[in-house]
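Take a look at the structure below.
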Amino acid sequence: MTVTSEQRYGEFVVVRRHEGQDHVAELVLDRPKAMNAVSTDMARSIAAACDALGADRDVRATVLTSSHGRAFCVGADLKERNSFTDADLVRQRPTARAAYTGVLELPMPVIAAVHGFALGGGFELALACDVIVADATAVVGLPEVSVGVIPGGGGTQLLPRRVGAARAAELVFSARRVEAAEARELGLVDELVEAGRDREEALALGARIAANSPVGLRAAKKALRLGQGLDLRAGLEVEDAAWRSVAFSGDRAEGVAAFNEKRRPDWPGE
């Protein structure tokens with residue numbers, strides 16, 4: 001796949017665009033020497049890249065990938081943390097949170113392409129995405145209690161929304177690692193593909209998603225996210241507000257016209 005543009009954010013994060021996938025952005029974790037352990041600098045770069053992607057109306061889908069052959073991301077940089085004073089840890093916390101919320105709050109659909117280890121904060125980055133595509137080598141888990149902390153990148157809130165409170169409790173309290181087949185069975189990942197094909201399949205899914213209305217995609221994601229945890233009546237109000245935000249858009253008019261004219265839509269994106 002030919003890269004048509006590349007923007008680096010700091011030393012450890014890259015955003016790429018590819019030929020034939022004009023509306024798909026690839027957000028690459030690129031700290032291979034540390035298996036993408038999230039340092040302060042890397043967290044800052046993830047947040048900056050997400051800020052830029054969120055403001056880019058041309059991006060209809062984002063795919064979160066890794067440049068390391070054997071790991072998606074092994075979580076927080078514990079070597080760096082080992083040198084921290086309590087005051088250092090307090091100062092770093094907003095930077096760390098901004099990385100995870102940056103991915104979580106991206107307004108377009110986001111797909112994680114996971115292979116190898118996705119542990120702790122690494123799995124939390126994947127959980128912040130809308131869909132997780134994993135290959136057969138994937139090993140996921142939230143082992144934070146084994147080093148005296150808790151999942152602090154959204155894991156205690158995002159995991160039970162995926163698998164239920166009791167299953168999430170078992171996984172967090174046991175700190176166990178879950179291999180690919182079981183992860184798919186438990187719903188920790190959404191699609192399981194052959195070893196080495198996670199990135200290719202995630203980008204292909206991103207392209208299929210990006211063929212749809214950018215206005216519709218963002219509104220649908222907003223409704224899905226805001227409706228989580230609400231009772232049905234409140235959730236339907238969230239859905240209605242999202243529907244109203246798109247019902248009179250140029251995308252809606254173009255979509256209906258294209259359907260009736262039996263052609264592919266040319267989305268205006270507004």
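Residue numbering restarts at 1 for every chain of the structure tokens, chains are lettered A, B, ... in their displayed order, and ligands are numbered from 1 as they appear.
Within 7 Å of A:Asp251, once only C-alpha atoms are used and residues closer than 3 positions along the same chain are dropped, the contacting residues are Ser213, Val215, Glu254, Gly255, Trp267, Pro268, Gly269 and Glu270 of chain A.
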### Message
So that I can check the secondary structure, give me every residue of stretch 52-243 of chain A assigned alpha helix (DSSP H) by backbone DSSP, as a ChimeraX atom specification.
### Response
/A:52-55,78-82,86-104,121-127,155-163,165-174,180-186,198-210,214-227,232-243
#### Entry: Filtered DSSP result for stretch 12-258 of chain A, state strand (DSSP E or B), as a PyMOL selection string
chain A and resi 13-18+21-29+38+61-66+71-73+76+110-114+117-119+131-135+139-141+178-179+191-193
#### Entry: Neighbour list for stretch 12-24 of chain A as an MDAnalysis selection string, cut-off 8 Å, only C-alpha atoms, skip fewer than 6 positions in-chain
chainID A and resid 1:6 30:31 41:42 45:46 49 58:63 203 206:207 210
### Task
Could you jot down the atom CA of A:Asp51 to atom CA of A:Leu104 separation for me, Å, one decimal place?
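These atoms are spaced 11.4 Å apart.
Using only C-alpha atoms, the residues found no farther than 10 Å from stretch 78-82 of chain A, other than those of its own chain fewer than 4 positions away, are A:Ala34, A:Ala37, A:Val38, A:Ser39, A:Thr40, A:Val74, A:Asp86, A:Asp88, A:Leu89, A:Gln92, A:Val147.
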### Atomic distance atom CA of A:Ala258 - atom CA of A:Gly54, expressed in Å with one decimal
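Calculated distance between atom CA of A:Ala258 and atom CA of A:Gly54 is 27.6 Å.
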Do you know which residues are at most 12 Å from A:Leu106 counting only C-alpha atoms, after dropping those on the same chain fewer than 6 positions away, and could you put them as a PDB file with N, CA, C and O atoms, in the first residue's frame?
ATOM      1  N   ALA A  25      -7.348   7.646   7.663  1.00  0.00           N
ATOM      2  CA  ALA A  25      -6.060   8.003   8.257  1.00  0.00           C
ATOM      3  C   ALA A  25      -5.541   6.832   9.067  1.00  0.00           C
ATOM      4  O   ALA A  25      -6.308   6.179   9.786  1.00  0.00           O
ATOM      5  N   LEU A  27      -3.168   5.993  12.098  1.00  0.00           N
ATOM      6  CA  LEU A  27      -2.480   6.558  13.254  1.00  0.00           C
ATOM      7  C   LEU A  27      -1.551   5.481  13.797  1.00  0.00           C
ATOM      8  O   LEU A  27      -2.005   4.474  14.358  1.00  0.00           O
ATOM      9  N   ILE A  46       0.487  11.344  20.983  1.00  0.00           N
ATOM     10  CA  ILE A  46      -0.809  10.730  20.659  1.00  0.00           C
ATOM     11  C   ILE A  46      -1.912  11.770  20.757  1.00  0.00           C
ATOM     12  O   ILE A  46      -2.769  11.883  19.873  1.00  0.00           O
ATOM     13  N   ALA A  47      -1.894  12.548  21.834  1.00  0.00           N
ATOM     14  CA  ALA A  47      -2.912  13.577  22.019  1.00  0.00           C
ATOM     15  C   ALA A  47      -2.863  14.612  20.901  1.00  0.00           C
ATOM     16  O   ALA A  47      -3.904  15.037  20.375  1.00  0.00           O
ATOM     17  N   ALA A  48      -1.661  15.033  20.518  1.00  0.00           N
ATOM     18  CA  ALA A  48      -1.520  16.033  19.462  1.00  0.00           C
ATOM     19  C   ALA A  48      -2.020  15.498  18.124  1.00  0.00           C
ATOM     20  O   ALA A  48      -2.716  16.201  17.373  1.00  0.00           O
ATOM     21  N   ALA A  49      -1.691  14.250  17.825  1.00  0.00           N
ATOM     22  CA  ALA A  49      -2.152  13.648  16.571  1.00  0.00           C
ATOM     23  C   ALA A  49      -3.672  13.548  16.554  1.00  0.00           C
ATOM     24  O   ALA A  49      -4.320  13.808  15.529  1.00  0.00           O
ATOM     25  N   CYS A  50      -4.267  13.181  17.689  1.00  0.00           N
ATOM     26  CA  CYS A  50      -5.725  13.066  17.762  1.00  0.00           C
ATOM     27  C   CYS A  50      -6.397  14.433  17.627  1.00  0.00           C
ATOM     28  O   CYS A  50      -7.455  14.547  16.997  1.00  0.00           O
ATOM     29  N   ASP A  51      -5.800  15.461  18.195  1.00  0.00           N
ATOM     30  CA  ASP A  51      -6.345  16.811  18.027  1.00  0.00           C
ATOM     31  C   ASP A  51      -6.394  17.179  16.546  1.00  0.00           C
ATOM     32  O   ASP A  51      -7.390  17.730  16.063  1.00  0.00           O
ATOM     33  N   ALA A  52      -5.307  16.883  15.833  1.00  0.00           N
ATOM     34  CA  ALA A  52      -5.256  17.213  14.411  1.00  0.00           C
ATOM     35  C   ALA A  52      -6.258  16.385  13.612  1.00  0.00           C
ATOM     36  O   ALA A  52      -6.955  16.907  12.722  1.00  0.00           O
ATOM     37  N   LEU A  53      -6.356  15.100  13.907  1.00  0.00           N
ATOM     38  CA  LEU A  53      -7.300  14.248  13.184  1.00  0.00           C
ATOM     39  C   LEU A  53      -8.744  14.673  13.448  1.00  0.00           C
ATOM     40  O   LEU A  53      -9.573  14.683  12.535  1.00  0.00           O
ATOM     41  N   GLY A  54      -9.032  15.012  14.685  1.00  0.00           N
ATOM     42  CA  GLY A  54     -10.392  15.414  15.024  1.00  0.00           C
ATOM     43  C   GLY A  54     -10.846  16.657  14.295  1.00  0.00           C
ATOM     44  O   GLY A  54     -12.037  16.838  14.027  1.00  0.00           O
ATOM     45  N   ALA A  55      -9.896  17.512  13.971  1.00  0.00           N
ATOM     46  CA  ALA A  55     -10.222  18.757  13.276  1.00  0.00           C
ATOM     47  C   ALA A  55     -10.230  18.604  11.759  1.00  0.00           C
ATOM     48  O   ALA A  55     -10.612  19.541  11.047  1.00  0.00           O
ATOM     49  N   ASP A  56      -9.830  17.451  11.248  1.00  0.00           N
ATOM     50  CA  ASP A  56      -9.725  17.226   9.806  1.00  0.00           C
ATOM     51  C   ASP A  56     -11.021  16.621   9.284  1.00  0.00           C
ATOM     52  O   ASP A  56     -11.266  15.416   9.427  1.00  0.00           O
ATOM     53  N   ARG A  57     -11.865  17.431   8.680  1.00  0.00           N
ATOM     54  CA  ARG A  57     -13.165  16.964   8.213  1.00  0.00           C
ATOM     55  C   ARG A  57     -13.051  16.004   7.029  1.00  0.00           C
ATOM     56  O   ARG A  57     -14.029  15.346   6.666  1.00  0.00           O
ATOM     57  N   VAL A  59     -11.221  13.335   7.066  1.00  0.00           N
ATOM     58  CA  VAL A  59     -11.011  11.985   7.586  1.00  0.00           C
ATOM     59  C   VAL A  59     -12.338  11.402   8.041  1.00  0.00           C
ATOM     60  O   VAL A  59     -12.993  11.933   8.935  1.00  0.00           O
ATOM     61  N   ARG A  60     -12.714  10.287   7.423  1.00  0.00           N
ATOM     62  CA  ARG A  60     -13.977   9.636   7.755  1.00  0.00           C
ATOM     63  C   ARG A  60     -13.779   8.395   8.618  1.00  0.00           C
ATOM     64  O   ARG A  60     -14.739   7.895   9.217  1.00  0.00           O
ATOM     65  N   ALA A  61     -12.567   7.869   8.668  1.00  0.00           N
ATOM     66  CA  ALA A  61     -12.255   6.723   9.519  1.00  0.00           C
ATOM     67  C   ALA A  61     -10.775   6.777   9.860  1.00  0.00           C
ATOM     68  O   ALA A  61      -9.948   7.185   9.034  1.00  0.00           O
ATOM     69  N   THR A  62     -10.441   6.368  11.077  1.00  0.00           N
ATOM     70  CA  THR A  62      -9.054   6.307  11.526  1.00  0.00           C
ATOM     71  C   THR A  62      -8.735   4.874  11.953  1.00  0.00           C
ATOM     72  O   THR A  62      -9.560   4.219  12.592  1.00  0.00           O
ATOM     73  N   VAL A  63      -7.558   4.403  11.579  1.00  0.00           N
ATOM     74  CA  VAL A  63      -7.108   3.068  11.967  1.00  0.00           C
ATOM     75  C   VAL A  63      -5.864   3.211  12.826  1.00  0.00           C
ATOM     76  O   VAL A  63      -4.869   3.807  12.395  1.00  0.00           O
ATOM     77  N   LEU A  64      -5.914   2.686  14.041  1.00  0.00           N
ATOM     78  CA  LEU A  64      -4.808   2.759  14.988  1.00  0.00           C
ATOM     79  C   LEU A  64      -3.968   1.506  14.855  1.00  0.00           C
ATOM     80  O   LEU A  64      -4.455   0.387  15.078  1.00  0.00           O
ATOM     81  N   ALA A  98      -4.742  12.602  28.536  1.00  0.00           N
ATOM     82  CA  ALA A  98      -5.040  13.241  27.256  1.00  0.00           C
ATOM     83  C   ALA A  98      -4.809  12.306  26.078  1.00  0.00           C
ATOM     84  O   ALA A  98      -5.487  12.411  25.047  1.00  0.00           O
ATOM     85  N   ALA A  99      -3.854  11.387  26.212  1.00  0.00           N
ATOM     86  CA  ALA A  99      -3.609  10.431  25.127  1.00  0.00           C
ATOM     87  C   ALA A  99      -4.789   9.495  24.952  1.00  0.00           C
ATOM     88  O   ALA A  99      -5.276   9.272  23.835  1.00  0.00           O
ATOM     89  N   TYR A 100      -5.283   8.939  26.062  1.00  0.00           N
ATOM     90  CA  TYR A 100      -6.386   7.986  25.980  1.00  0.00           C
ATOM     91  C   TYR A 100      -7.698   8.662  25.605  1.00  0.00           C
ATOM     92  O   TYR A 100      -8.451   8.146  24.769  1.00  0.00           O
ATOM     93  N   ALA A 128     -10.446   2.167  23.568  1.00  0.00           N
ATOM     94  CA  ALA A 128     -10.948   3.502  23.235  1.00  0.00           C
ATOM     95  C   ALA A 128     -11.436   3.591  21.804  1.00  0.00           C
ATOM     96  O   ALA A 128     -12.106   4.566  21.435  1.00  0.00           O
ATOM     97  N   CYS A 129     -11.114   2.597  20.990  1.00  0.00           N
ATOM     98  CA  CYS A 129     -11.567   2.565  19.600  1.00  0.00           C
ATOM     99  C   CYS A 129     -12.968   1.967  19.518  1.00  0.00           C
ATOM    100  O   CYS A 129     -13.464   1.347  20.455  1.00  0.00           O
ATOM    101  N   ASP A 130     -13.611   2.123  18.381  1.00  0.00           N
ATOM    102  CA  ASP A 130     -14.967   1.612  18.191  1.00  0.00           C
ATOM    103  C   ASP A 130     -14.993   0.132  17.842  1.00  0.00           C
ATOM    104  O   ASP A 130     -15.925  -0.583  18.217  1.00  0.00           O
ATOM    105  N   LEU A 217     -21.691   9.367   9.644  1.00  0.00           N
ATOM    106  CA  LEU A 217     -20.775   8.598  10.488  1.00  0.00           C
ATOM    107  C   LEU A 217     -20.526   9.290  11.819  1.00  0.00           C
ATOM    108  O   LEU A 217     -20.583   8.666  12.887  1.00  0.00           O
ATOM    109  N   ARG A 218     -20.257  10.582  11.777  1.00  0.00           N
ATOM    110  CA  ARG A 218     -19.967  11.305  13.017  1.00  0.00           C
ATOM    111  C   ARG A 218     -21.193  11.381  13.913  1.00  0.00           C
ATOM    112  O   ARG A 218     -21.088  11.252  15.138  1.00  0.00           O
ATOM    113  N   LYS A 221     -21.796   7.887  15.456  1.00  0.00           N
ATOM    114  CA  LYS A 221     -20.860   7.614  16.555  1.00  0.00           C
ATOM    115  C   LYS A 221     -21.263   8.391  17.799  1.00  0.00           C
ATOM    116  O   LYS A 221     -21.225   7.853  18.920  1.00  0.00           O
ATOM    117  N   LYS A 222     -21.650   9.640  17.625  1.00  0.00           N
ATOM    118  CA  LYS A 222     -22.053  10.456  18.772  1.00  0.00           C
ATOM    119  C   LYS A 222     -23.263   9.845  19.468  1.00  0.00           C
ATOM    120  O   LYS A 222     -23.309   9.759  20.707  1.00  0.00           O
ATOM    121  N   ARG A 225     -22.183   6.625  21.354  1.00  0.00           N
ATOM    122  CA  ARG A 225     -21.403   6.908  22.559  1.00  0.00           C
ATOM    123  C   ARG A 225     -22.251   7.557  23.654  1.00  0.00           C
ATOM    124  O   ARG A 225     -22.201   7.153  24.810  1.00  0.00           O
TER     125      ARG A 225
END
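You will find atom CA of A:Gly216 at 15.4 Å from atom CA of A:Phe259.
If you measure from each of A:Glu179, A:Glu194, A:Glu26, A:Glu124 to A:Arg8 using only C-alpha atoms, the closest one turns out to be A:Glu26.
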### Query
If we count only C-alpha atoms, what is near A:Arg244 at a cut-off of 12 Å, once residues fewer than 4 positions away on the same chain are taken out, given as a PyMOL selection string?
chain A and resi 215-216+219-220+223+237-240+248-249+252
### Task
Compare A:Thr85, A:Asn212, A:Thr95, A:Thr65 by their minimum atom-to-atom distance to A:Ala126, counting only C-alpha atoms, and give me the closest one.
A:Thr65
### Query
Which polymer residues have any atom within 9 Å of an atom of stretch 161-169 of chain A, counting only C-alpha atoms, with same-chain residues fewer than 3 positions away left out, as a ChimeraX atom specification?
/A:127,156-158,172-174,186-188,228-229
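Minimum distance to A:Gly122 across A:Leu224, A:Leu205, A:Val193, A:Leu29 (counting only C-alpha atoms) occurs at A:Leu29.
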